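As stored in protein-v5.cif (mmCIF, C-alpha atoms):
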data_input
loop_
_atom_site.label_atom_id
_atom_site.label_comp_id
_atom_site.auth_asym_id
_atom_site.auth_seq_id
_atom_site.Cartn_x
_atom_site.Cartn_y
_atom_site.Cartn_z
CA MET A 1 8.14 0.04 31.74
CA PHE A 2 10.45 0.70 28.77
CA TYR A 3 7.42 0.80 26.48
CA TYR A 4 5.64 3.52 28.47
CA VAL A 5 8.78 5.57 29.09
CA SER A 6 9.64 5.54 25.38
CA LYS A 7 6.13 6.58 24.36
CA VAL A 8 5.96 9.45 26.86
CA PHE A 9 9.48 10.58 25.96
CA TRP A 10 8.64 10.64 22.27
CA PHE A 11 5.46 12.64 22.87
CA PHE A 12 7.56 15.51 24.19
CA ALA A 13 10.50 14.96 21.84
CA THR A 14 8.41 14.87 18.65
CA PRO A 15 9.80 17.71 16.48
CA SER A 16 6.47 19.50 16.02
CA ASN A 17 5.62 19.27 19.75
CA LEU A 18 9.12 20.34 20.73
CA LEU A 19 9.14 23.35 18.40
CA VAL A 20 5.80 24.61 19.67
CA SER A 21 6.97 24.12 23.26
CA LEU A 22 10.12 26.16 22.61
CA ILE A 23 8.10 28.96 21.01
CA LEU A 24 5.78 29.05 24.01
CA LEU A 25 8.74 29.03 26.38
CA GLY A 26 10.21 32.00 24.56
CA LEU A 27 6.94 33.90 24.85
CA ILE A 28 6.76 33.11 28.58
CA LEU A 29 10.28 34.45 29.07
CA THR A 30 9.29 37.79 27.53
CA ARG A 31 7.16 38.36 30.65
CA PHE A 32 10.35 38.77 32.68
CA SER A 33 12.11 42.07 32.13
CA LYS A 34 15.63 40.64 32.35
CA LEU A 35 14.82 37.86 29.87
CA ARG A 36 12.53 39.78 27.53
CA THR A 37 15.05 40.19 24.71
CA PHE A 38 16.25 36.60 24.97
CA GLY A 39 12.70 35.29 25.10
CA MET A 40 11.63 37.26 22.03
CA ALA A 41 14.69 36.10 20.10
CA MET A 42 13.95 32.52 21.12
CA ALA A 43 10.30 32.75 20.05
CA VAL A 44 11.15 34.32 16.68
CA THR A 45 13.98 31.87 16.01
CA PHE A 46 11.89 28.77 16.62
CA THR A 47 8.91 30.21 14.75
CA LEU A 48 11.10 30.67 11.68
CA THR A 49 12.59 27.21 12.22
CA THR A 50 9.10 25.71 12.32
CA LEU A 51 8.16 27.44 9.08
CA ALA A 52 11.36 26.32 7.38
CA LEU A 53 11.02 22.69 8.45
CA GLY A 54 7.36 22.65 7.43
CA ILE A 55 7.71 24.25 4.01
CA LEU A 56 11.16 23.22 2.80
CA PRO A 57 11.68 19.57 1.72
CA ILE A 58 14.10 18.88 4.57
CA ALA A 59 12.03 15.98 5.96
CA ASN A 60 12.16 14.23 2.58
CA TYR A 61 15.92 13.88 2.83
CA VAL A 62 15.63 12.44 6.34
CA LEU A 63 13.01 9.89 5.25
CA PHE A 64 14.44 9.00 1.83
CA PRO A 65 17.27 6.65 2.99
CA LEU A 66 14.77 4.55 4.95
CA GLU A 67 12.23 4.31 2.13
CA GLN A 68 14.78 3.41 -0.54
CA ARG A 69 16.45 0.66 1.47
CA PHE A 70 14.17 -2.09 0.15
CA PRO A 71 12.88 -2.07 -3.44
CA VAL A 72 9.29 -2.59 -4.51
CA PHE A 73 8.48 -6.30 -4.56
CA VAL A 74 8.40 -7.93 -8.00
CA ASP A 75 6.53 -11.21 -8.33
CA ASP A 76 9.06 -13.81 -9.50
CA GLY A 77 6.52 -16.59 -9.92
CA LYS A 78 7.68 -18.54 -6.88
CA SER A 79 5.21 -19.78 -4.31
CA VAL A 80 4.28 -17.65 -1.31
CA GLU A 81 3.22 -19.54 1.79
CA GLY A 82 2.17 -16.56 3.83
CA ILE A 83 1.63 -12.83 4.22
CA ILE A 84 2.37 -10.85 7.38
CA LEU A 85 0.60 -7.51 7.77
CA LEU A 86 1.91 -5.20 10.49
CA GLY A 87 -0.51 -2.93 12.31
CA GLY A 88 -0.37 0.84 12.25
CA SER A 89 -2.87 1.55 9.49
CA VAL A 90 -6.12 1.53 11.48
CA GLU A 91 -7.47 3.76 14.25
CA SER A 92 -8.57 0.89 16.46
CA ALA A 93 -10.38 2.93 19.14
CA ASP A 94 -12.42 4.85 16.54
CA SER A 95 -13.10 1.66 14.59
CA GLY A 96 -14.36 -0.08 17.71
CA GLU A 97 -16.66 2.77 18.67
CA ARG A 98 -18.12 3.25 15.18
CA GLY A 99 -18.31 -0.40 14.22
CA VAL A 100 -16.54 0.23 10.90
CA LEU A 101 -12.89 0.22 9.87
CA VAL A 102 -11.39 3.70 10.31
CA SER A 103 -8.00 3.87 8.56
CA ASN A 104 -5.22 6.45 8.68
CA GLU A 105 -2.56 7.63 6.23
CA ALA A 106 -0.95 4.17 6.18
CA SER A 107 -4.09 2.47 4.82
CA GLU A 108 -2.13 1.14 1.82
CA ARG A 109 -0.96 -1.64 4.13
CA VAL A 110 -4.48 -3.07 4.27
CA LEU A 111 -5.18 -2.44 0.58
CA TYR A 112 -2.11 -4.35 -0.54
CA ALA A 113 -2.82 -7.14 1.93
CA ILE A 114 -6.17 -7.64 0.19
CA GLU A 115 -4.51 -7.63 -3.23
CA LEU A 116 -1.95 -10.22 -2.13
CA ALA A 117 -4.64 -12.35 -0.51
CA TYR A 118 -6.26 -12.76 -3.91
CA ARG A 119 -2.99 -13.04 -5.84
CA TYR A 120 -1.86 -15.90 -3.60
CA PRO A 121 -5.11 -17.71 -2.73
CA ASN A 122 -3.37 -20.47 -0.76
CA ALA A 123 -1.25 -18.20 1.41
CA ARG A 124 -1.97 -17.78 5.11
CA ILE A 125 -2.39 -14.21 6.34
CA LEU A 126 -1.08 -13.17 9.73
CA ILE A 127 -2.20 -9.78 11.05
CA SER A 128 0.02 -8.49 13.84
CA GLY A 129 -1.11 -5.57 15.95
CA GLY A 130 -2.35 -5.00 19.47
CA GLY A 131 -3.22 -1.78 21.29
CA GLY A 132 -0.01 0.10 20.61
CA THR A 133 -0.46 3.59 22.08
CA VAL A 134 -0.36 4.92 25.61
CA PHE A 135 -3.34 7.22 25.16
CA SER A 136 -5.71 4.77 23.45
CA ASN A 137 -8.28 2.56 25.12
CA GLY A 138 -6.22 -0.55 24.38
CA THR A 139 -8.40 -1.86 21.54
CA ALA A 140 -6.33 -4.27 19.44
CA GLU A 141 -5.98 -3.52 15.74
CA ALA A 142 -5.53 -7.02 14.35
CA PRO A 143 -9.09 -8.32 14.98
CA ILE A 144 -10.57 -5.21 13.35
CA ILE A 145 -8.50 -5.72 10.20
CA ALA A 146 -9.30 -9.43 10.22
CA ASP A 147 -13.03 -8.71 10.29
CA TYR A 148 -12.62 -6.33 7.36
CA LEU A 149 -10.72 -8.92 5.31
CA LYS A 150 -13.50 -11.41 5.95
CA ARG A 151 -16.10 -8.88 4.78
CA VAL A 152 -14.29 -8.43 1.47
CA GLY A 153 -14.27 -12.16 0.83
CA VAL A 154 -11.04 -13.51 2.33
CA ASP A 155 -11.53 -17.02 3.71
CA PRO A 156 -11.47 -16.78 7.54
CA SER A 157 -9.58 -20.09 7.77
CA ARG A 158 -6.55 -18.41 6.18
CA ILE A 159 -6.35 -15.60 8.74
CA VAL A 160 -4.15 -15.74 11.84
CA ILE A 161 -4.58 -12.98 14.45
CA GLU A 162 -1.73 -11.76 16.65
CA ASP A 163 -3.30 -9.14 18.92
CA ARG A 164 -0.83 -8.80 21.81
CA SER A 165 2.04 -6.85 20.26
CA ARG A 166 2.48 -3.16 21.05
CA THR A 167 5.86 -2.62 19.40
CA THR A 168 7.70 -3.72 16.27
CA SER A 169 9.92 -5.93 18.41
CA GLU A 170 6.86 -7.73 19.77
CA ASN A 171 5.46 -8.01 16.23
CA GLY A 172 8.44 -10.17 15.34
CA GLN A 173 8.53 -12.25 18.51
CA PHE A 174 4.83 -13.01 18.71
CA SER A 175 4.50 -13.66 14.97
CA ARG A 176 7.30 -16.21 15.12
CA ASP A 177 5.69 -17.95 18.09
CA LEU A 178 2.36 -18.21 16.29
CA LEU A 179 3.57 -19.25 12.85
CA LYS A 180 6.50 -21.56 13.52
CA PRO A 181 7.32 -21.46 9.78
CA ARG A 182 9.09 -24.37 8.12
CA GLU A 183 12.45 -23.94 6.47
CA GLY A 184 12.13 -22.78 2.89
CA GLU A 185 8.71 -21.16 3.29
CA ARG A 186 8.33 -17.68 1.80
CA TRP A 187 6.52 -15.05 3.83
CA LEU A 188 5.90 -11.52 2.58
CA LEU A 189 6.06 -8.71 5.13
CA ILE A 190 3.80 -5.72 4.48
CA THR A 191 4.55 -2.42 6.19
CA SER A 192 5.29 1.19 5.26
CA ALA A 193 8.49 1.66 3.25
CA TRP A 194 9.98 3.99 5.87
CA HIS A 195 9.37 1.36 8.57
CA MET A 196 10.65 -1.60 6.56
CA PRO A 197 14.36 -1.51 7.55
CA ARG A 198 13.60 -1.75 11.27
CA ALA A 199 10.86 -4.35 10.71
CA MET A 200 13.13 -6.54 8.58
CA ALA A 201 15.90 -6.35 11.20
CA VAL A 202 13.42 -7.30 13.94
CA PHE A 203 12.05 -10.33 12.09
CA GLU A 204 15.57 -11.48 11.22
CA LYS A 205 16.50 -11.21 14.91
CA ALA A 206 13.36 -13.17 15.86
CA GLY A 207 14.34 -16.02 13.54
CA LEU A 208 11.50 -15.47 11.09
CA PRO A 209 12.99 -14.70 7.65
CA VAL A 210 10.65 -12.62 5.51
CA ILE A 211 10.60 -10.89 2.14
CA ALA A 212 10.02 -7.14 2.14
CA TYR A 213 6.84 -5.83 0.56
CA PRO A 214 7.12 -2.06 1.17
CA VAL A 215 4.08 0.19 0.64
CA ASP A 216 2.95 3.64 1.74
CA PHE A 217 5.87 5.57 0.23
CA ARG A 218 6.07 9.20 1.40
CA THR A 219 8.99 10.35 -0.77
CA ASN A 220 9.76 10.24 -4.46
CA VAL A 221 12.91 10.38 -6.55
CA GLY A 222 14.56 13.28 -8.33
CA PHE A 223 13.06 16.75 -8.46
CA ALA A 224 9.80 15.70 -6.79
CA ASN A 225 11.69 15.42 -3.50
CA GLN A 226 12.88 19.04 -3.76
CA ARG A 227 9.54 20.80 -4.08
CA PRO A 228 8.41 22.94 -1.14
CA ARG A 229 5.18 22.10 0.68
CA ALA A 230 2.04 24.18 0.45
CA PHE A 231 1.18 23.62 4.11
CA VAL A 232 3.52 23.77 7.09
CA SER A 233 1.63 20.91 8.75
CA GLU A 234 2.51 18.54 5.89
CA GLY A 235 6.24 19.03 6.29
CA LEU A 236 6.09 18.82 10.08
CA ARG A 237 4.07 15.61 9.94
CA ARG A 238 6.64 14.05 7.61
CA LEU A 239 9.45 15.24 9.88
CA ASP A 240 7.73 13.69 12.91
CA VAL A 241 7.42 10.34 11.12
CA SER A 242 11.00 10.32 9.85
CA MET A 243 12.62 11.36 13.13
CA LYS A 244 10.57 8.89 15.15
CA GLU A 245 11.63 6.08 12.85
CA TRP A 246 15.31 7.02 12.98
CA VAL A 247 15.13 7.12 16.79
CA GLY A 248 13.52 3.67 16.66
CA VAL A 249 16.16 2.28 14.28
CA ILE A 250 19.03 3.54 16.45
CA GLY A 251 17.33 2.65 19.74
CA TYR A 252 16.53 -0.91 18.66
CA TYR A 253 20.12 -1.48 17.53
CA ALA A 254 21.61 0.08 20.67
CA THR A 255 19.44 -2.05 22.99
CA GLY A 256 20.02 -5.32 21.12
CA ARG A 257 16.54 -5.64 19.66
CA THR A 258 18.13 -5.84 16.21
CA ASP A 259 21.53 -7.10 15.03
CA GLU A 260 21.79 -4.65 12.13
CA LEU A 261 21.27 -0.91 12.07
CA LEU A 262 20.03 -0.82 8.47
CA PRO A 263 19.74 -4.29 6.93
CA SER A 264 20.10 -4.76 3.19
CA PRO A 265 17.90 -6.79 0.85
CA HIS A 266 18.93 -10.42 0.48
CA ASP A 267 18.98 -12.20 -2.86
#
Before anything else, please render the file you have as structure tokens.
Amino acid sequence: MFYYVSKVFWFFATPSNLLVSLILLGLILTRFSKLRTFGMAMAVTFTLTTLALGILPIANYVLFPLEQRFPVFVDDGKSVEGIILLGGSVESADSGERGVLVSNEASERVLYAIELAYRYPNARILISGGGGTVFSNGTAEAPIIADYLKRVGVDPSRIVIEDRSRTTSENGQFSRDLLKPREGERWLLITSAWHMPRAMAVFEKAGLPVIAYPVDFRTNVGFANQRPRAFVSEGLRRLDVSMKEWVGVIGYYATGRTDELLPSPHD
């Protein structure tokens, strides 16, 4: 029940959806003579707010602390026993209907999983991802990615599929149950940089220590973060991603799904 309530809540609370709803509400209020002035002011205010949030680099500053929490992985020459790839990079319903892998803006997750599969030829590869959206047809993501890895030459015997998880919390729990890693084994965790703090906290809570391998960076450093956007939709999309992740980070900590709000890298 919590899963469905949280998904429906976020659909309406997503910044871009909320802003459009408030603009429409303002326009509706202008139809009533006593509320016409208030409604027009409301519509204009939230229209300008939408433009500002979409064009100005505000979302970058919301996302930046999450993305910079864990540094880019540097190969230290030590052995790697396994690679864990979290779902979220493939449109599973579209992929199932078309019979080909249809990726989204987080496709770097799959690309780097392939690179690591060849860099560490003896490492097992666990793909964790079920049907994680309320409005999809429930097609699991992990088997689709697994089939793609096989087509690009990854040995099927190395691949472990976890196709039940719908949330990051379930990613950690179900992955631990499948792998049962031995003490001292090194497992790399691949996910988007902005999602890495919550994912690391979840896997630590689940008792499956992992090493962060962040990809899919959306922000930069220095002046690049301060440039305005050419399209309002770009800024709003980034704001949606950043706010959703912060809600997830705080919500997971508040409900005991993680023991740390923002974990730090371990030596």
Could you give me the centre and size, in Å to one decimal, of an axis-aligned box around all listed atoms of region 52-66 of chain A with 6 Å added on every side, as lines of an AutoDock Vina configuration file?
center_x = 12.3
center_y = 15.4
center_z = 5.1
size_x = 21.9
size_y = 33.8
size_z = 18.7
key: Pairwise distance for CA of Val62 (chain A) and CA of Ile211 (chain A), rounded to one decimal in Å   = 24.2 Å
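Counting only C-alpha atoms, the residue from A:Arg218, A:Lys205, A:Lys150, A:Arg166 that sits nearest to Thr258 (chain A) is A:Lys205.
What the PyMOL selection byres ((chain A and resi 160) around 6) grabs from this file is Ile125, Leu126, Ile159 and Ile161 of chain A.
Residues captured in this structure file are Gly82, Ile83, Leu85, Leu86, Ile125, Leu126, Ile127, Ser128, Trp187, Leu188, Leu189 and Ile190 of chain A, according to the PyMOL selection byres ((chain A and resi 84) around 8).
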message = Please expand the PyMOL selection byres ((chain A and resi 192) around 6) into the concrete residues it hits in this file, giving the result as a VMD selection string.
response = chain A and resid 191 193 to 195 214 to 216
Please fill the gaps in region 110-136 of chain A so it has N, CA and C atoms, and write that as a PDB file, in the coordinates of the input.
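Result went into part10.pdb, see below:
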ATOM      1  N   VAL A 110      -3.311  -2.194   4.350  1.00  0.00           N
ATOM      2  CA  VAL A 110      -4.480  -3.070   4.270  1.00  0.00           C
ATOM      3  C   VAL A 110      -4.862  -3.323   2.813  1.00  0.00           C
ATOM      4  N   LEU A 111      -4.805  -2.292   1.993  1.00  0.00           N
ATOM      5  CA  LEU A 111      -5.180  -2.440   0.580  1.00  0.00           C
ATOM      6  C   LEU A 111      -4.305  -3.467  -0.125  1.00  0.00           C
ATOM      7  N   TYR A 112      -2.998  -3.398   0.116  1.00  0.00           N
ATOM      8  CA  TYR A 112      -2.110  -4.350  -0.540  1.00  0.00           C
ATOM      9  C   TYR A 112      -2.224  -5.742   0.066  1.00  0.00           C
ATOM     10  N   ALA A 113      -2.587  -5.832   1.329  1.00  0.00           N
ATOM     11  CA  ALA A 113      -2.820  -7.140   1.930  1.00  0.00           C
ATOM     12  C   ALA A 113      -3.986  -7.842   1.233  1.00  0.00           C
ATOM     13  N   ILE A 114      -5.021  -7.072   0.905  1.00  0.00           N
ATOM     14  CA  ILE A 114      -6.170  -7.640   0.190  1.00  0.00           C
ATOM     15  C   ILE A 114      -5.753  -8.097  -1.204  1.00  0.00           C
ATOM     16  N   GLU A 115      -4.977  -7.259  -1.889  1.00  0.00           N
ATOM     17  CA  GLU A 115      -4.510  -7.630  -3.230  1.00  0.00           C
ATOM     18  C   GLU A 115      -3.705  -8.929  -3.188  1.00  0.00           C
ATOM     19  N   LEU A 116      -2.779  -9.031  -2.226  1.00  0.00           N
ATOM     20  CA  LEU A 116      -1.950 -10.220  -2.130  1.00  0.00           C
ATOM     21  C   LEU A 116      -2.755 -11.447  -1.719  1.00  0.00           C
ATOM     22  N   ALA A 117      -3.790 -11.226  -0.915  1.00  0.00           N
ATOM     23  CA  ALA A 117      -4.640 -12.350  -0.510  1.00  0.00           C
ATOM     24  C   ALA A 117      -5.291 -13.005  -1.711  1.00  0.00           C
ATOM     25  N   TYR A 118      -5.637 -12.214  -2.708  1.00  0.00           N
ATOM     26  CA  TYR A 118      -6.260 -12.760  -3.910  1.00  0.00           C
ATOM     27  C   TYR A 118      -5.219 -13.232  -4.928  1.00  0.00           C
ATOM     28  N   ARG A 119      -4.041 -12.613  -4.910  1.00  0.00           N
ATOM     29  CA  ARG A 119      -2.990 -13.040  -5.840  1.00  0.00           C
ATOM     30  C   ARG A 119      -2.439 -14.404  -5.437  1.00  0.00           C
ATOM     31  N   TYR A 120      -2.365 -14.630  -4.115  1.00  0.00           N
ATOM     32  CA  TYR A 120      -1.860 -15.900  -3.600  1.00  0.00           C
ATOM     33  C   TYR A 120      -2.963 -16.556  -2.771  1.00  0.00           C
ATOM     34  N   PRO A 121      -3.911 -17.211  -3.416  1.00  0.00           N
ATOM     35  CA  PRO A 121      -5.110 -17.710  -2.730  1.00  0.00           C
ATOM     36  C   PRO A 121      -4.851 -18.806  -1.706  1.00  0.00           C
ATOM     37  N   ASN A 122      -3.671 -19.413  -1.727  1.00  0.00           N
ATOM     38  CA  ASN A 122      -3.370 -20.470  -0.760  1.00  0.00           C
ATOM     39  C   ASN A 122      -2.517 -19.982   0.402  1.00  0.00           C
ATOM     40  N   ALA A 123      -2.142 -18.725   0.378  1.00  0.00           N
ATOM     41  CA  ALA A 123      -1.250 -18.200   1.410  1.00  0.00           C
ATOM     42  C   ALA A 123      -2.024 -17.887   2.695  1.00  0.00           C
ATOM     43  N   ARG A 124      -1.405 -18.190   3.826  1.00  0.00           N
ATOM     44  CA  ARG A 124      -1.970 -17.780   5.110  1.00  0.00           C
ATOM     45  C   ARG A 124      -1.695 -16.284   5.309  1.00  0.00           C
ATOM     46  N   ILE A 125      -2.521 -15.653   6.110  1.00  0.00           N
ATOM     47  CA  ILE A 125      -2.390 -14.210   6.340  1.00  0.00           C
ATOM     48  C   ILE A 125      -2.346 -13.962   7.836  1.00  0.00           C
ATOM     49  N   LEU A 126      -1.205 -13.508   8.314  1.00  0.00           N
ATOM     50  CA  LEU A 126      -1.080 -13.170   9.730  1.00  0.00           C
ATOM     51  C   LEU A 126      -1.165 -11.655   9.881  1.00  0.00           C
ATOM     52  N   ILE A 127      -2.048 -11.203  10.747  1.00  0.00           N
ATOM     53  CA  ILE A 127      -2.200  -9.780  11.050  1.00  0.00           C
ATOM     54  C   ILE A 127      -1.665  -9.547  12.444  1.00  0.00           C
ATOM     55  N   SER A 128      -0.645  -8.720  12.556  1.00  0.00           N
ATOM     56  CA  SER A 128       0.020  -8.490  13.840  1.00  0.00           C
ATOM     57  C   SER A 128      -0.190  -7.062  14.296  1.00  0.00           C
ATOM     58  N   GLY A 129      -0.888  -6.904  15.423  1.00  0.00           N
ATOM     59  CA  GLY A 129      -1.110  -5.570  15.950  1.00  0.00           C
ATOM     60  C   GLY A 129      -2.044  -5.552  17.136  1.00  0.00           C
ATOM     61  N   GLY A 130      -1.512  -5.150  18.289  1.00  0.00           N
ATOM     62  CA  GLY A 130      -2.350  -5.000  19.470  1.00  0.00           C
ATOM     63  C   GLY A 130      -2.679  -3.538  19.708  1.00  0.00           C
ATOM     64  N   GLY A 131      -2.955  -3.173  20.939  1.00  0.00           N
ATOM     65  CA  GLY A 131      -3.220  -1.780  21.290  1.00  0.00           C
ATOM     66  C   GLY A 131      -1.914  -1.076  21.558  1.00  0.00           C
ATOM     67  N   GLY A 132      -1.382  -0.373  20.547  1.00  0.00           N
ATOM     68  CA  GLY A 132      -0.010   0.100  20.610  1.00  0.00           C
ATOM     69  C   GLY A 132       0.226   1.526  21.016  1.00  0.00           C
ATOM     70  N   THR A 133      -0.712   2.216  21.646  1.00  0.00           N
ATOM     71  CA  THR A 133      -0.460   3.590  22.080  1.00  0.00           C
ATOM     72  C   THR A 133      -0.834   3.765  23.542  1.00  0.00           C
ATOM     73  N   VAL A 134      -0.117   4.675  24.191  1.00  0.00           N
ATOM     74  CA  VAL A 134      -0.360   4.920  25.610  1.00  0.00           C
ATOM     75  C   VAL A 134      -1.721   5.546  25.851  1.00  0.00           C
ATOM     76  N   PHE A 135      -2.141   6.429  24.936  1.00  0.00           N
ATOM     77  CA  PHE A 135      -3.340   7.220  25.160  1.00  0.00           C
ATOM     78  C   PHE A 135      -4.597   6.625  24.552  1.00  0.00           C
ATOM     79  N   SER A 136      -4.526   5.403  24.006  1.00  0.00           N
ATOM     80  CA  SER A 136      -5.710   4.770  23.450  1.00  0.00           C
ATOM     81  C   SER A 136      -6.411   3.957  24.521  1.00  0.00           C
TER      82      SER A 136
END
